[in-house]
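Source file query.tsv; content: TSV, C-alpha atoms.
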chain	number	residue	atom	x	y	z
A	1	MET	CA	0.00	0.00	0.00
A	2	ALA	CA	1.18	3.51	-0.81
A	3	ALA	CA	2.19	5.84	1.97
A	4	ALA	CA	-0.62	7.83	3.58
A	5	ALA	CA	0.60	11.05	1.96
A	6	GLU	CA	0.06	9.46	-1.46
A	7	ARG	CA	-3.59	8.47	-0.97
A	8	VAL	CA	-6.22	10.32	-2.99
A	9	LEU	CA	-9.92	10.39	-2.09
A	10	ILE	CA	-12.14	10.67	-5.16
A	11	THR	CA	-15.90	10.99	-4.75
A	12	GLY	CA	-18.00	9.68	-7.60
A	13	GLY	CA	-15.04	7.82	-9.01
A	14	ALA	CA	-16.81	4.81	-10.51
A	15	ALA	CA	-17.28	6.20	-13.99
A	16	GLY	CA	-16.70	9.16	-16.26
A	17	ILE	CA	-14.37	11.92	-15.08
A	18	GLY	CA	-13.94	10.38	-11.62
A	19	ALA	CA	-12.83	7.03	-13.03
A	20	ALA	CA	-10.36	8.78	-15.34
A	21	VAL	CA	-8.96	10.75	-12.39
A	22	ALA	CA	-8.57	7.53	-10.41
A	23	GLU	CA	-6.70	5.89	-13.28
A	24	HIS	CA	-4.39	8.88	-13.74
A	25	CYS	CA	-3.66	8.90	-10.00
A	26	HIS	CA	-2.84	5.19	-10.15
A	27	GLN	CA	-0.47	5.83	-13.06
A	28	ARG	CA	1.35	8.42	-10.92
A	29	GLY	CA	1.84	5.88	-8.14
A	30	TRP	CA	-0.82	7.33	-5.86
A	31	GLU	CA	-3.48	5.17	-4.23
A	32	PRO	CA	-6.98	6.20	-5.32
A	33	VAL	CA	-9.69	5.73	-2.69
A	34	VAL	CA	-13.04	5.87	-4.48
A	35	ILE	CA	-16.40	6.49	-2.83
A	36	ASP	CA	-19.39	5.97	-5.12
A	37	ARG	CA	-22.91	4.57	-5.03
A	38	GLU	CA	-21.78	2.07	-7.67
A	39	VAL	CA	-19.64	-0.89	-6.68
A	40	VAL	CA	-15.97	-0.42	-7.59
A	41	SER	CA	-13.28	-2.99	-6.93
A	42	GLY	CA	-11.45	-1.86	-3.81
A	43	GLY	CA	-13.77	1.14	-3.46
A	44	ILE	CA	-16.32	2.17	-0.85
A	45	GLN	CA	-20.00	2.03	-1.75
A	46	ALA	CA	-22.15	4.85	-0.37
A	47	ASP	CA	-24.98	7.19	-1.28
A	48	LEU	CA	-23.17	10.50	-0.97
A	49	SER	CA	-26.43	12.45	-1.14
A	50	SER	CA	-26.92	11.33	2.48
A	51	PRO	CA	-24.80	13.11	5.13
A	52	ASP	CA	-24.92	10.04	7.40
A	53	ALA	CA	-23.86	7.66	4.63
A	54	THR	CA	-21.10	10.09	3.67
A	55	ALA	CA	-19.83	10.19	7.25
A	56	ARG	CA	-19.71	6.39	7.45
A	57	ALA	CA	-17.87	6.16	4.13
A	58	LEU	CA	-15.33	8.76	5.24
A	59	ASP	CA	-14.72	6.87	8.48
A	60	GLU	CA	-14.05	3.74	6.42
A	61	ALA	CA	-11.73	5.59	4.06
A	62	LEU	CA	-9.75	7.15	6.89
A	63	ALA	CA	-9.44	3.88	8.79
A	64	GLY	CA	-6.36	3.25	6.64
A	65	GLY	CA	-4.76	6.49	7.78
A	66	PRO	CA	-4.80	10.15	6.72
A	67	ILE	CA	-5.62	11.11	3.14
A	68	THR	CA	-3.94	14.30	1.98
A	69	ARG	CA	-5.37	14.64	-1.53
A	70	LEU	CA	-9.08	15.16	-2.22
A	71	VAL	CA	-11.04	15.36	-5.46
A	72	ASN	CA	-14.62	16.49	-4.85
A	73	ASN	CA	-15.96	15.08	-8.09
A	74	VAL	CA	-19.38	13.59	-7.33
A	75	GLY	CA	-22.29	15.54	-8.76
A	76	VAL	CA	-25.75	15.48	-10.25
A	77	VAL	CA	-27.34	17.45	-13.08
A	78	VAL	CA	-31.05	18.23	-12.71
A	79	PRO	CA	-31.96	20.09	-15.93
A	80	ALA	CA	-35.00	22.37	-15.72
A	81	ASP	CA	-35.86	25.95	-16.52
A	82	ALA	CA	-36.01	28.39	-13.63
A	83	GLU	CA	-39.79	28.31	-13.48
A	84	ARG	CA	-39.97	24.52	-13.20
A	85	GLN	CA	-36.89	23.70	-11.11
A	86	THR	CA	-38.25	22.04	-7.97
A	87	LEU	CA	-37.14	22.47	-4.38
A	88	ALA	CA	-36.46	18.72	-4.22
A	89	GLU	CA	-34.08	19.02	-7.19
A	90	LEU	CA	-32.37	22.01	-5.60
A	91	ASP	CA	-31.99	20.15	-2.30
A	92	LEU	CA	-30.47	17.13	-4.08
A	93	ALA	CA	-27.99	19.30	-5.97
A	94	LEU	CA	-27.04	21.19	-2.82
A	95	SER	CA	-26.46	17.99	-0.88
A	96	LEU	CA	-24.57	15.97	-3.47
A	97	ASN	CA	-22.68	18.71	-5.31
A	98	LEU	CA	-21.89	21.06	-2.44
A	99	ARG	CA	-22.50	19.68	1.06
A	100	CYS	CA	-20.62	16.47	0.28
A	101	ALA	CA	-17.51	18.44	-0.75
A	102	PHE	CA	-17.63	20.47	2.46
A	103	GLN	CA	-18.06	17.32	4.56
A	104	CYS	CA	-15.16	15.55	2.84
A	105	MET	CA	-12.87	18.53	3.30
A	106	GLN	CA	-13.61	18.73	7.01
A	107	ALA	CA	-13.02	15.00	7.48
A	108	LEU	CA	-9.64	15.01	5.71
A	109	LEU	CA	-8.42	18.34	7.02
A	110	PRO	CA	-6.89	17.13	10.34
A	111	GLY	CA	-4.65	14.68	8.48
A	112	MET	CA	-3.62	17.31	5.95
A	113	LYS	CA	-2.76	19.81	8.66
A	114	ALA	CA	-0.78	17.21	10.60
A	115	ALA	CA	1.19	16.37	7.45
A	116	GLY	CA	1.72	20.03	6.54
A	117	PHE	CA	0.53	19.12	3.05
A	118	GLY	CA	-2.77	18.91	1.23
A	119	ARG	CA	-4.31	19.19	-2.20
A	120	ILE	CA	-8.02	19.82	-2.73
A	121	VAL	CA	-9.61	19.95	-6.18
A	122	ASN	CA	-13.31	20.79	-6.53
A	123	MET	CA	-14.90	19.64	-9.78
A	124	ALA	CA	-16.96	22.69	-10.74
A	125	SER	CA	-18.19	23.40	-14.26
A	126	ARG	CA	-18.17	25.98	-17.01
A	127	ALA	CA	-21.89	26.17	-16.24
A	128	ALA	CA	-20.99	28.13	-13.09
A	129	LEU	CA	-20.67	31.10	-15.46
A	130	GLY	CA	-24.28	30.60	-16.52
A	131	LYS	CA	-26.15	28.07	-18.64
A	132	GLU	CA	-29.79	27.66	-19.57
A	133	LEU	CA	-31.78	24.95	-17.74
A	134	ARG	CA	-29.17	24.71	-14.97
A	135	THR	CA	-30.34	26.84	-12.01
A	136	ALA	CA	-29.58	24.23	-9.32
A	137	TYR	CA	-26.51	22.85	-11.06
A	138	SER	CA	-24.92	26.23	-11.82
A	139	ALA	CA	-25.56	27.49	-8.29
A	140	THR	CA	-23.87	24.52	-6.67
A	141	LYS	CA	-20.95	24.48	-9.09
A	142	ALA	CA	-20.38	28.18	-8.47
A	143	GLY	CA	-20.49	27.34	-4.77
A	144	LEU	CA	-17.65	24.87	-5.22
A	145	ILE	CA	-15.54	27.64	-6.74
A	146	GLY	CA	-16.36	29.98	-3.87
A	147	MET	CA	-15.48	27.37	-1.26
A	148	ALA	CA	-12.16	26.59	-2.97
A	149	ARG	CA	-11.22	30.27	-2.84
A	150	VAL	CA	-12.05	30.54	0.86
A	151	TRP	CA	-10.19	27.32	1.67
A	152	ALA	CA	-7.17	28.62	-0.26
A	153	LEU	CA	-7.06	31.69	1.97
A	154	GLU	CA	-7.61	29.81	5.22
A	155	LEU	CA	-5.46	26.73	4.62
A	156	GLY	CA	-2.49	27.98	2.63
A	157	ALA	CA	-0.32	28.46	5.71
A	158	HIS	CA	-0.67	24.72	6.40
A	159	GLY	CA	0.72	23.72	3.00
A	160	ILE	CA	-2.76	23.00	1.67
A	161	THR	CA	-3.95	24.25	-1.71
A	162	ALA	CA	-7.54	24.38	-2.93
A	163	ASN	CA	-8.49	24.84	-6.57
A	164	ALA	CA	-11.37	24.14	-8.90
A	165	ILE	CA	-11.65	22.58	-12.32
A	166	GLY	CA	-14.30	23.95	-14.68
A	167	PRO	CA	-14.99	21.32	-17.34
A	168	GLY	CA	-16.84	22.32	-20.44
A	169	PRO	CA	-18.77	19.69	-22.42
A	170	ILE	CA	-17.16	16.34	-21.62
A	171	ARG	CA	-18.34	13.09	-23.19
A	172	THR	CA	-19.61	11.11	-20.20
A	173	GLU	CA	-22.83	9.24	-19.39
A	174	LEU	CA	-23.87	12.23	-17.28
A	175	PHE	CA	-23.33	14.58	-20.23
A	176	ASP	CA	-25.25	12.32	-22.61
A	177	ARG	CA	-28.22	12.07	-20.23
A	178	ALA	CA	-28.44	15.85	-19.96
A	179	ASN	CA	-27.56	16.45	-23.63
A	180	PRO	CA	-28.93	13.60	-25.78
A	181	PRO	CA	-26.67	12.75	-28.74
A	182	GLY	CA	-28.12	13.98	-32.00
A	183	ALA	CA	-30.30	16.63	-30.40
A	184	ALA	CA	-30.13	20.10	-31.92
A	185	ARG	CA	-29.23	21.64	-28.55
A	186	THR	CA	-26.36	19.16	-28.13
A	187	GLN	CA	-25.00	19.93	-31.59
A	188	ALA	CA	-25.19	23.63	-30.81
A	189	ILE	CA	-22.98	23.03	-27.77
A	190	ILE	CA	-20.38	21.21	-29.87
A	191	ASP	CA	-20.46	23.91	-32.56
A	192	ALA	CA	-19.73	26.52	-29.88
A	193	VAL	CA	-16.46	24.86	-28.79
A	194	PRO	CA	-13.50	26.63	-30.45
A	195	VAL	CA	-11.50	23.39	-30.77
A	196	LYS	CA	-14.57	21.80	-32.43
A	197	ARG	CA	-14.84	18.72	-30.30
A	198	VAL	CA	-16.29	17.55	-27.02
A	199	GLY	CA	-13.75	16.94	-24.29
A	200	THR	CA	-12.85	13.58	-22.80
A	201	PRO	CA	-12.56	12.46	-19.18
A	202	ASP	CA	-8.81	12.13	-19.74
A	203	ASP	CA	-8.64	15.84	-20.61
A	204	VAL	CA	-10.06	16.68	-17.19
A	205	ALA	CA	-8.06	14.03	-15.35
A	206	HIS	CA	-4.81	15.42	-16.74
A	207	ALA	CA	-5.62	18.88	-15.39
A	208	THR	CA	-6.76	17.47	-12.05
A	209	THR	CA	-3.62	15.47	-11.38
A	210	PHE	CA	-1.55	18.53	-12.29
A	211	LEU	CA	-3.22	20.44	-9.45
A	212	LEU	CA	-2.85	17.44	-7.11
A	213	ASP	CA	0.88	17.26	-7.69
A	214	ALA	CA	3.29	18.26	-4.91
A	215	HIS	CA	4.98	20.64	-7.37
A	216	SER	CA	1.76	22.68	-7.75
A	217	GLY	CA	2.04	24.24	-4.31
A	218	PHE	CA	2.12	27.84	-5.58
A	219	ILE	CA	-1.24	27.47	-7.35
A	220	THR	CA	-4.24	27.93	-5.09
A	221	GLY	CA	-7.66	29.56	-5.16
A	222	GLN	CA	-7.80	29.24	-8.94
A	223	VAL	CA	-10.27	27.89	-11.50
A	224	LEU	CA	-8.80	25.96	-14.40
A	225	TYR	CA	-11.35	25.75	-17.22
A	226	VAL	CA	-10.98	22.60	-19.30
A	227	CYS	CA	-13.49	23.63	-21.92
A	228	GLY	CA	-11.88	23.74	-25.36
A	229	GLY	CA	-11.92	27.53	-25.23
A	230	MET	CA	-15.64	27.99	-24.53
A	231	THR	CA	-15.01	30.46	-21.71
A	232	VAL	CA	-12.93	32.82	-23.85
A	233	GLY	CA	-14.91	36.03	-24.15
A	234	VAL	CA	-17.43	34.84	-21.55
A	235	VAL	CA	-15.67	35.78	-18.32
A	236	GLY	CA	-15.93	39.48	-17.55
A	237	VAL	CA	-12.96	41.73	-16.75
Take the structure from the file and write it as structure tokens.
Amino acid sequence: MAAAAERVLITGGAAGIGAAVAEHCHQRGWEPVVIDREVVSGGIQADLSSPDATARALDEALAGGPITRLVNNVGVVVPADAERQTLAELDLALSLNLRCAFQCMQALLPGMKAAGFGRIVNMASRAALGKELRTAYSATKAGLIGMARVWALELGAHGITANAIGPGPIRTELFDRANPPGAARTQAIIDAVPVKRVGTPDDVAHATTFLLDAHSGFITGQVLYVCGGMTVGVVGV
């Protein structure tokens, strides 16, 4: 087993971006610790939309010792226009996309502080800048960016960095469910990408492991958009 300082907790790591991040971490010699509602070999199964289930999963993950790298990746998309977005959908997005990240950070923080080292990456989204049919999703993804900035300010003196990744359209099952292949709206998204393709989970995993690296200690409180250039001209001055 890798040393405690080389363990990486990845929420929602059974498929898509999370699975790619886990594989990239493994290739770097780090030990990925995956928590997901789906069964993963060597992983921890839990419904992370539940605070109690999250707490139990974190206890199990930390039973093997401190974990000093965290990727808050788990998330849910609940597409609806502002008029029809329900409170239940908002509550689900808040719990899974935002509360879970906060809970994981607090659980891992003592070990990071004791080690004088930590890396936190919040998986936000380009949608945090605004996207139709994404009230709950955009709000929670923007919240992940805000939390990363606050954590960067509060935790930097302990050798802990906190950053966010803002993926654009990435070809995953989650993306396909929210943006059906062949639909006119989906094609419009692809046409709007300057590099003229949808991203891959590996594109995001590469950026994530860069921020997790020990050599990235002078980068904190930042948002790295992995979006094929979609945010160019969108972010205000």
- For atom CA of A:Leu129 and atom CA of A:Ile165, quote the distance in Å rounded to one decimal.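 Between these atoms lies a distance of 12.8 Å.
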- Within 8 Å of A:Asn72 using all atoms listed in the file, minus same-chain residues under 3 positions, as JSON, numbers by chain: {"A": [10, 11, 100, 101, 104, 120, 121, 122, 123]}
- Item | Separation of atom CA of A:Ala14 from atom CA of A:Ala183, in Å and rounded to one decimal |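 So the answer is 26.8 Å.
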- Message: List the spatial neighbours of stretch 178-182 of chain A as a list in words - criterion: any atom at most 12 Å away, all atoms listed in the file, same-chain residues fewer than 3 positions off excluded.
- Response: Val76, Val77, Val78, Pro79, Ala80, Glu132, Leu133, Arg134, Tyr137, Pro169, Ile170, Arg171, Thr172, Glu173, Leu174, Phe175, Arg185, Thr186, Gln187, Ala188, Ile189, Ile190 and Val198 of chain A
Set up a box along x, y and z of the file covering all listed atoms of stretch 165-175 of chain A, add 4 Å on every one of the six sides, and write the centre and edge lengths in Å to one decimal, as AutoDock Vina command-line options.
--center_x -17.8 --center_y 16.6 --center_z -17.8 --size_x 20.2 --size_y 22.7 --size_z 18.9
- Would you mind telling me which residue in A:Lys131, A:Lys113, A:Arg119, A:Arg99 lies nearest to A:Gly143 when using all atoms listed in the file?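 Among the listed residues, A:Arg99 lies closest to A:Gly143.
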- Selection: 8 Å around A:Ala93, all atoms listed in the file, excl. self and same-chain fewer than 2 positions, as a VMD selection string: chain A and resid 75 to 78 89 to 91 95 to 98 136 to 137 140
- Message: Considering only C-alpha atoms, can you say which of A:Leu224, A:Glu6, A:Ala139, A:Pro167 comes closest to A:Arg126?
- Response: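 Of A:Leu224, A:Glu6, A:Ala139, A:Pro167, the one nearest A:Arg126, counting only C-alpha atoms, is A:Pro167.
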